Amino acid sequence: MSEQIYNRESFLTSLAQNLGRSTPKTVERPTWKHQPQWQILKNASQDELVTVFKKQCETIHTDVIETESDQLADVIHERVKSYNGKSISAWKDERFHQYDIFSKTDATIHKWDPRMKDNVAQTESADIGITFCDLALAESGTIVLFSNENQGRSVSLLPTTYIALVPKSLIVPRMSQATRKIHLLMKEGEFPATCVNFISGPSNSADIEMNLVVGMHGPIRTTYVVISNL
Amino acid sequence: MNVSLFVTCLGDIFYPNVGKSVVEVLESLGCEVDFPFSQTCCGQPAFNSGYREEAKEAARNMIRAFENSSYVVGPSGSCVAMFSEYEELFHNEPEMQHKARSLKERSYEFTQFLVDVLGVNNVGASLNATATYHKSCHMTRLLGVKDAPEALLSEVEGLNYRKLPNCENCCGFGGTFSVKMVAISKEMVDEKIKDIESTDADILIGADSGCLMNISGRMNRLQKPVKVMHIAEVLTQREEK
Amino acid sequence: MPMRIGTTTFNDRIEKGINDEFMRDSVRSAQERLLGKRLDAAEELGSWEDWRNLGEEIRSHTLEYLDYYLYELSEKVKENGGHVYFAKTAEEANHYIQKVVKRKNGKKIIKSKSMVTEEISMNEALESIGCDVIESDLGEYILQVDDHDPPSHIVVPALHKNKSQIRDVFKEKLGYLNTDKPEELTLFAREKLRKEFLSADIGITGCNFAVAESGTITLVTNEGNARLATTLPKTQITVMGMERIVPTWEELDVMISLLSRSAVGQKLTTYVTALSGPKSPLEGDGPEEFHLVIVDNGRSNIIGTEFQEALHCIRCAACINVCPVYRHVGGHGYGSIYPGPIGAVISPLLGGYEEYGELPFASTLCAACTDACPVKIPLHELLNKHRKNIIEGRGLSAEKIAMRGFQYGTTLPILYQVGTKLAPFLSLPFQTNSFLTKGPGPLKAWTTIRDMPAPNNERFRDWFKKRQKEESFE
């Protein structure tokens, strides 16, 4: 079934009629009179951004570990052990190999592999999901993930525990910088991903009497590992 | 300074003492107060019930009544805020619209006039009592008068002022709402009374007769001992220590 | 579930709400918490008014060019490999969704929370062709398990239920054996629903905002259910109200920032998921097929009218969370899936005055809603405009005659004078001390719960006139 658009003409024509004109060929997006978003953490240094990021993580029930790339294997080993993790699902990412990240842990590793059929099942049964991130937002303690064939959506979603590796240089003040970056990429015709996820801590729900319960459909525990030299 | 008093219909009929107090305070501050006798109601009851044409005719009368006033001052934020609606009511009568804008620009709520125009916070009042203050919604949100009443009350000698919890909550008056939606209105005013009682105040002060009529009417029915006063009445008190 | 909920009359619903002590307690405490969180979040952000102004600017512009942006969106979705269906009515939308589901031979459908699918009664439409439709938002799931109890809040749908009621529902319907601790109830639902996610054929979502420039739809949740619904099933159908759109990713940032803060007082919700069409052929998860259904269902009638601003709504519920009327009557009192101030504005627009004509009058016009709205919809003014339309559309009523009397009374100062002068005498029979305790007409309604001050024998104007005379003699 090839892609189709149904009923567009009649739908938009009647809309245009109600707006009292015909549909314009181009619309110039105005320069917004108010732009408070750019004032937030305006001249913050990378160190300051890390501080804000870490502080916010306290609010969103997320542990943060700051380390250097040569310590990553130890940090992961420790964390996996403390979570009692027996199996890990991770993105297919050169950097896991480059920094020997899984060299010390005893857990079994499933690497997301586009050629394999059972990625989702393997990830579903893994105790821990581990990914790098593509950007991070200081203000909200958010990591940004772009999906692609090596970066499965399930890894940060299905296991009960999730660990994100956050290169310090990728932390920006807030969502504004991330969405601007995506907007500019789009304009150059480069679309970053079919799915972009902004994730701020473990899943949670307050649907029962407004009591916050950490751990709903997604991970129940989350750790961010900030890598200060990357 | 010449000031025309806009006494409001509730003030005229039910609470003449409020108008008298306004006159007294303004005169004590050196204002000449006149009262255009052709004033009636601002039209809000009709306007807020969906009767625009009826409200418009009331508006026309009020614009005429205050046409020659340099300042119009009223002891009700809600009624004064109603003047801001006149412009839109006359959207197809440019001349009236112009006059409506002029009226709006010359009109002030009583406490707003004292603090913002006369620049006075202390009017020399004294009252030995514990009191709390109900912020009226229209005065605060529609007219934007947020701090003037408390600024004035903080200067009343002897007054033990207690902030009202949940002061942003509506008292449940809402004009015709109070008679159309009695059941909901009752819950709202009861909640307000609970908050008032929690302050242990002897006096509830307000700046809008509509809200005060609602709250005092319910308190009277429930035989609550709290006294209700309009802020203008408070500002005329001169009690010895 | 259609937009209309319950079959009782407005007054019965109000009474039921007011007498539901548990519901009122939970609404009160939810309002308090959310208000505090929202104010903290706004303060933390700084320059909140600038943010609101920006939000308003963006929404106004987007609605002004809605046809253009919808065109762009549909082109981009197609480029991304998705299908777009423009549905004028609920029936058209449901018919298309049924068709897709049948073609995919879909039996089990997992849903993430969506108000517009409630509005068009999509679940019923799918159930009628033999599908099993499962709500995955915890609140919605609880309501669904409880024989389709209607939602009472647009962000926290099961706000009116307490944990022991929820435990009983789970116990009776699902064989739940544990306590009423929210943690245990939540874990139970997680495990139940995870199985459903893994075996669902089709995922159906709403859409918080679509991004025109890239053909992207975004979903905002804390639970992660929208992520699961768009990661595991092979087919994804997204249903959006046609006004839920922004021009570019830059505006998406602003709207999501406003939504997260206003709805739940968070800087960002835990998950913001932005999907642009189906997965690429090489990707190992995500939907293979993507359908976007853009729903009008009465919205275009609002475009170009005095109510256009109502379409600026981003469904954050900030107005509901400050509304004193909502606090006392609860969501079900409104008889619509859209309760509170915004519900009282849009339910009559989408469902007509016949059905929802009482709602605009169920407000004191205190404007707390207008103050709270992150995109500055003048809600109390729109309520008043409804009142005008309702009154002007009605024939002659007792109230209208009274208001005509009002008009003559207020425009002819002489009539006002005589009328008000007589008031103290006319009210004498009802008087105890200086208060009236009963009376006819509106006075009767007033005095059912409160006393009325008796009109003063000397009106202010009489006093002033006397004083003037005295002064002129001096």
# chains A, B, ... in the order shown; residues from 1 in each chain; ligands from 1

call {"tool": "select_by_dssp", "arguments": {"residues": "range 91-172 of chain B", "states": "strand (DSSP E)", "output": "VMD selection string"}}
result
chain B and resid 107 to 109 126 to 134 157 to 162

call {"tool": "interface_residues", "arguments": {"of": "chain C", "to": "chain B", "cutoff": "8 Å", "atoms": "only C-alpha atoms", "output": "MDAnalysis selection string"}}
result
chainID C and resid 14:15 18 324:325 328:329 361:368 371 384:392 403:404 406:407 410:413 416 420 442:443 445:446 448:456 458:461 464

call {"tool": "closest_atom_pairs", "arguments": {"of": "chain A", "to": "chain C", "cutoff": "7 Å", "atoms": "only C-alpha atoms", "output": "JSON lines"}}
result
{"residue": "A:Glu3", "atom": "CA", "partner": "C:His83", "partner_atom": "CA", "distance": 5.1}
{"residue": "A:Gln4", "atom": "CA", "partner": "C:His83", "partner_atom": "CA", "distance": 5.1}
{"residue": "A:Ile5", "atom": "CA", "partner": "C:Val84", "partner_atom": "CA", "distance": 4.7}
{"residue": "A:Tyr6", "atom": "CA", "partner": "C:Tyr85", "partner_atom": "CA", "distance": 4.8}
{"residue": "A:Asn7", "atom": "CA", "partner": "C:Phe86", "partner_atom": "CA", "distance": 5.4}
{"residue": "A:Arg8", "atom": "CA", "partner": "C:Phe86", "partner_atom": "CA", "distance": 5.8}
{"residue": "A:Phe11", "atom": "CA", "partner": "C:Phe86", "partner_atom": "CA", "distance": 6.6}
{"residue": "A:Leu12", "atom": "CA", "partner": "C:Asp67", "partner_atom": "CA", "distance": 5.5}
{"residue": "A:Leu15", "atom": "CA", "partner": "C:Ser300", "partner_atom": "CA", "distance": 6.0}
{"residue": "A:Ala16", "atom": "CA", "partner": "C:Asp67", "partner_atom": "CA", "distance": 6.2}
{"residue": "A:Asn18", "atom": "CA", "partner": "C:Gly304", "partner_atom": "CA", "distance": 5.5}
{"residue": "A:Leu19", "atom": "CA", "partner": "C:Gly304", "partner_atom": "CA", "distance": 5.2}
{"residue": "A:Thr23", "atom": "CA", "partner": "C:Tyr68", "partner_atom": "CA", "distance": 6.0}
{"residue": "A:Pro24", "atom": "CA", "partner": "C:Tyr68", "partner_atom": "CA", "distance": 6.5}
{"residue": "A:Trp32", "atom": "CA", "partner": "C:Leu54", "partner_atom": "CA", "distance": 6.8}
{"residue": "A:His34", "atom": "CA", "partner": "C:Leu54", "partner_atom": "CA", "distance": 5.3}
{"residue": "A:Gln35", "atom": "CA", "partner": "C:Leu54", "partner_atom": "CA", "distance": 6.8}
{"residue": "A:Pro36", "atom": "CA", "partner": "C:Asp50", "partner_atom": "CA", "distance": 6.2}
{"residue": "A:Pro114", "atom": "CA", "partner": "C:Gly284", "partner_atom": "CA", "distance": 5.5}
{"residue": "A:Asn119", "atom": "CA", "partner": "C:Gly284", "partner_atom": "CA", "distance": 6.8}
{"residue": "A:Ser140", "atom": "CA", "partner": "C:Lys267", "partner_atom": "CA", "distance": 5.5}
{"residue": "A:Asn148", "atom": "CA", "partner": "C:Glu283", "partner_atom": "CA", "distance": 5.8}
{"residue": "A:Glu149", "atom": "CA", "partner": "C:Glu283", "partner_atom": "CA", "distance": 4.0}
{"residue": "A:Gly152", "atom": "CA", "partner": "C:Asp285", "partner_atom": "CA", "distance": 6.3}
{"residue": "A:Arg153", "atom": "CA", "partner": "C:Asp285", "partner_atom": "CA", "distance": 6.5}
{"residue": "A:Ser154", "atom": "CA", "partner": "C:Thr231", "partner_atom": "CA", "distance": 6.9}
{"residue": "A:Met175", "atom": "CA", "partner": "C:Asp253", "partner_atom": "CA", "distance": 6.1}
{"residue": "A:Ser176", "atom": "CA", "partner": "C:Asp253", "partner_atom": "CA", "distance": 5.7}
{"residue": "A:Thr179", "atom": "CA", "partner": "C:Trp249", "partner_atom": "CA", "distance": 5.3}
{"residue": "A:Arg180", "atom": "CA", "partner": "C:Glu250", "partner_atom": "CA", "distance": 5.6}
{"residue": "A:His183", "atom": "CA", "partner": "C:Trp249", "partner_atom": "CA", "distance": 5.6}
{"residue": "A:Thr194", "atom": "CA", "partner": "C:Ser276", "partner_atom": "CA", "distance": 4.9}
{"residue": "A:Cys195", "atom": "CA", "partner": "C:Leu275", "partner_atom": "CA", "distance": 4.5}
{"residue": "A:Val196", "atom": "CA", "partner": "C:Ala274", "partner_atom": "CA", "distance": 5.0}
{"residue": "A:Asn197", "atom": "CA", "partner": "C:Thr273", "partner_atom": "CA", "distance": 4.6}
{"residue": "A:Phe198", "atom": "CA", "partner": "C:Val272", "partner_atom": "CA", "distance": 5.0}
{"residue": "A:Ile199", "atom": "CA", "partner": "C:Tyr271", "partner_atom": "CA", "distance": 4.9}
{"residue": "A:Ser200", "atom": "CA", "partner": "C:Thr270", "partner_atom": "CA", "distance": 4.5}
{"residue": "A:Gly201", "atom": "CA", "partner": "C:Thr270", "partner_atom": "CA", "distance": 6.1}
{"residue": "A:Ser203", "atom": "CA", "partner": "C:Glu223", "partner_atom": "CA", "distance": 4.9}
{"residue": "A:Asn204", "atom": "CA", "partner": "C:Glu223", "partner_atom": "CA", "distance": 4.9}
{"residue": "A:Ser205", "atom": "CA", "partner": "C:Glu223", "partner_atom": "CA", "distance": 5.5}
{"residue": "A:Asp207", "atom": "CA", "partner": "C:Gly139", "partner_atom": "CA", "distance": 5.2}
{"residue": "A:Ile208", "atom": "CA", "partner": "C:Pro182", "partner_atom": "CA", "distance": 6.2}
{"residue": "A:Glu209", "atom": "CA", "partner": "C:Asn162", "partner_atom": "CA", "distance": 6.0}
{"residue": "A:Met210", "atom": "CA", "partner": "C:Ala30", "partner_atom": "CA", "distance": 6.6}
{"residue": "A:Val213", "atom": "CA", "partner": "C:Glu183", "partner_atom": "CA", "distance": 5.9}
{"residue": "A:Met216", "atom": "CA", "partner": "C:Glu223", "partner_atom": "CA", "distance": 5.2}
{"residue": "A:His217", "atom": "CA", "partner": "C:Gly224", "partner_atom": "CA", "distance": 5.4}
{"residue": "A:Gly218", "atom": "CA", "partner": "C:Gly224", "partner_atom": "CA", "distance": 5.3}

call {"tool": "write_last_selection", "arguments": {"atoms": "C-alpha atoms", "output": "mmCIF file, in the first residue's frame"}}
result
data_model
loop_
_atom_site.group_PDB
_atom_site.id
_atom_site.type_symbol
_atom_site.label_atom_id
_atom_site.label_comp_id
_atom_site.auth_asym_id
_atom_site.auth_seq_id
_atom_site.Cartn_x
_atom_site.Cartn_y
_atom_site.Cartn_z
ATOM 1 C CA GLU A 3 1.479 6.322 1.009
ATOM 2 C CA GLN A 4 -1.587 8.376 0.541
ATOM 3 C CA ILE A 5 -3.279 11.511 1.729
ATOM 4 C CA TYR A 6 -7.059 11.275 1.885
ATOM 5 C CA ASN A 7 -9.718 14.022 1.795
ATOM 6 C CA ARG A 8 -7.174 16.793 2.101
ATOM 7 C CA PHE A 11 -10.951 19.541 4.357
ATOM 8 C CA LEU A 12 -8.487 22.381 3.869
ATOM 9 C CA LEU A 15 -10.956 25.534 6.659
ATOM 10 C CA ALA A 16 -9.593 28.288 4.429
ATOM 11 C CA ASN A 18 -13.733 29.854 7.527
ATOM 12 C CA LEU A 19 -10.483 31.762 7.768
ATOM 13 C CA THR A 23 -4.715 28.777 1.576
ATOM 14 C CA PRO A 24 -1.495 30.755 1.178
ATOM 15 C CA TRP A 32 8.452 35.936 18.072
ATOM 16 C CA HIS A 34 9.064 37.228 23.364
ATOM 17 C CA GLN A 35 11.897 34.714 23.535
ATOM 18 C CA PRO A 36 12.575 33.989 27.198
ATOM 19 C CA PRO A 114 19.798 -4.833 12.903
ATOM 20 C CA ASN A 119 16.482 -7.845 19.336
ATOM 21 C CA SER A 140 15.537 19.172 33.013
ATOM 22 C CA ASN A 148 18.415 4.257 14.008
ATOM 23 C CA GLU A 149 19.276 0.724 13.001
ATOM 24 C CA GLY A 152 17.060 0.535 19.058
ATOM 25 C CA ARG A 153 14.183 2.283 20.846
ATOM 26 C CA SER A 154 13.591 -0.699 23.125
ATOM 27 C CA MET A 175 15.390 21.750 25.188
ATOM 28 C CA SER A 176 15.608 24.942 23.106
ATOM 29 C CA THR A 179 15.190 21.448 19.100
ATOM 30 C CA ARG A 180 17.012 24.286 17.329
ATOM 31 C CA HIS A 183 15.370 22.297 13.208
ATOM 32 C CA THR A 194 12.545 8.520 12.793
ATOM 33 C CA CYS A 195 12.165 8.634 16.553
ATOM 34 C CA VAL A 196 13.688 11.156 18.937
ATOM 35 C CA ASN A 197 13.239 10.482 22.627
ATOM 36 C CA PHE A 198 13.712 13.008 25.383
ATOM 37 C CA ILE A 199 14.035 11.010 28.597
ATOM 38 C CA SER A 200 14.156 12.497 32.086
ATOM 39 C CA GLY A 201 14.588 9.740 34.639
ATOM 40 C CA SER A 203 9.061 6.076 34.244
ATOM 41 C CA ASN A 204 6.478 6.941 36.860
ATOM 42 C CA SER A 205 2.811 7.505 37.495
ATOM 43 C CA ASP A 207 -2.596 8.229 38.687
ATOM 44 C CA ILE A 208 -3.586 6.649 41.997
ATOM 45 C CA GLU A 209 -4.579 9.365 44.454
ATOM 46 C CA MET A 210 -1.819 11.551 43.038
ATOM 47 C CA VAL A 213 5.067 5.800 42.084
ATOM 48 C CA MET A 216 5.442 2.382 35.537
ATOM 49 C CA HIS A 217 5.703 1.058 31.992
ATOM 50 C CA GLY A 218 9.333 1.904 31.337
#

call {"tool": "atom_distance", "arguments": {"atom1": "CA of Leu114 in chain B", "atom2": "CA of Pro149 in chain B"}}
result
9.5 Å

call {"tool": "residues_around", "arguments": {"residues": "Val155 in chain A", "least_positions_apart": "6", "cutoff": "10 Å", "atoms": "only C-alpha atoms", "output": "list in words"}}
result
Ile88, Ser89, Ala90, Trp91, Lys111, Trp112, Asn119, Val120, Gln122, Thr123, Glu124, Ala126, Ile128, Gly129, Ile130, Thr131, Thr161, Tyr162, Ile163 and Pro219 of chain A

call {"tool": "residues_around", "arguments": {"residues": "Tyr133 in chain B", "least_positions_apart": "5", "cutoff": "9 Å", "atoms": "only C-alpha atoms", "output": "PyMOL selection string"}}
result
chain B and resi 149-150+153+161-164+167+196+203-207+231

call {"tool": "atom_distance", "arguments": {"atom1": "CA of Asp74 in chain A", "atom2": "CA of Asp100 in chain A"}}
result
9.9 Å

call {"tool": "residues_around", "arguments": {"residues": "Ser126 in chain B", "least_positions_apart": "6", "cutoff": "6 Å", "atoms": "only C-alpha atoms", "output": "PDB file with N, CA and C atoms, in the first residue's frame"}}
result
ATOM      1  N   VAL B 156      -3.024  50.824  59.189  1.00  0.00           N
ATOM      2  CA  VAL B 156      -4.076  51.112  60.170  1.00  0.00           C
ATOM      3  C   VAL B 156      -3.564  50.752  61.562  1.00  0.00           C
ATOM      4  N   GLU B 157      -3.501  51.758  62.402  1.00  0.00           N
ATOM      5  CA  GLU B 157      -2.929  51.551  63.729  1.00  0.00           C
ATOM      6  C   GLU B 157      -3.790  50.600  64.565  1.00  0.00           C
ATOM      7  N   GLY B 158      -3.133  49.705  65.259  1.00  0.00           N
ATOM      8  CA  GLY B 158      -3.848  48.812  66.161  1.00  0.00           C
ATOM      9  C   GLY B 158      -4.431  47.593  65.477  1.00  0.00           C
ATOM     10  N   GLN B 237     -12.135  54.646  60.660  1.00  0.00           N
ATOM     11  CA  GLN B 237     -12.110  54.382  62.108  1.00  0.00           C
ATOM     12  C   GLN B 237     -11.016  55.212  62.791  1.00  0.00           C
ATOM     13  N   ARG B 238     -11.363  55.776  63.907  1.00  0.00           N
ATOM     14  CA  ARG B 238     -10.372  56.527  64.704  1.00  0.00           C
ATOM     15  C   ARG B 238     -10.510  56.078  66.147  1.00  0.00           C
ATOM     16  N   GLU B 239      -9.964  54.930  66.460  1.00  0.00           N
ATOM     17  CA  GLU B 239     -10.105  54.411  67.827  1.00  0.00           C
ATOM     18  C   GLU B 239      -8.908  54.811  68.656  1.00  0.00           C
TER      19      GLU B 239
END

call {"tool": "select_by_dssp", "arguments": {"residues": "range 7-81 of chain B", "states": "helix (DSSP H, G or I)", "output": "PyMOL selection string"}}
result
chain B and resi 9-13+16-28+44-47+52-65+77-81

call {"tool": "residues_around", "arguments": {"residues": "His148 in chain C", "least_positions_apart": "3", "cutoff": "12 Å", "atoms": "only C-alpha atoms", "output": "list of chain:residue names"}}
result
C:Met1, C:Pro2, C:Ile5, C:Gly6, C:Glu118, C:Asn123, C:Glu124, C:Val133, C:Ile134, C:Glu135, C:Gly139, C:Glu140, C:Tyr141, C:Ile142, C:Leu143, C:Gln144, C:Val145, C:Pro151, C:Pro157, C:Ala158, C:Val169

call {"tool": "residues_around", "arguments": {"residues": "Asn321 in chain C", "least_positions_apart": "2", "cutoff": "7 Å", "atoms": "only C-alpha atoms", "output": "ChimeraX atom specification"}}
result
/C:31,34-35,317-319,323

call {"tool": "write_last_selection", "arguments": {"atoms": "C-alpha atoms", "output": "short mmCIF file (atom, residue, chain, number, x, y, z; two decimals), in the first residue's frame"}}
result
data_model
loop_
_atom_site.label_atom_id
_atom_site.label_comp_id
_atom_site.auth_asym_id
_atom_site.auth_seq_id
_atom_site.Cartn_x
_atom_site.Cartn_y
_atom_site.Cartn_z
CA GLN C 31 -5.67 20.92 43.17
CA LEU C 34 -0.80 20.77 41.39
CA LEU C 35 -1.25 24.46 42.05
CA ALA C 317 -5.68 21.24 32.70
CA ALA C 318 -4.17 24.21 34.55
CA CYS C 319 -7.59 25.90 34.39
CA CYS C 323 -11.32 26.14 39.22
#

call {"tool": "atom_distance", "arguments": {"atom1": "CA of Asp134 in chain A", "atom2": "CA of Ala229 in chain C"}}
result
22.9 Å
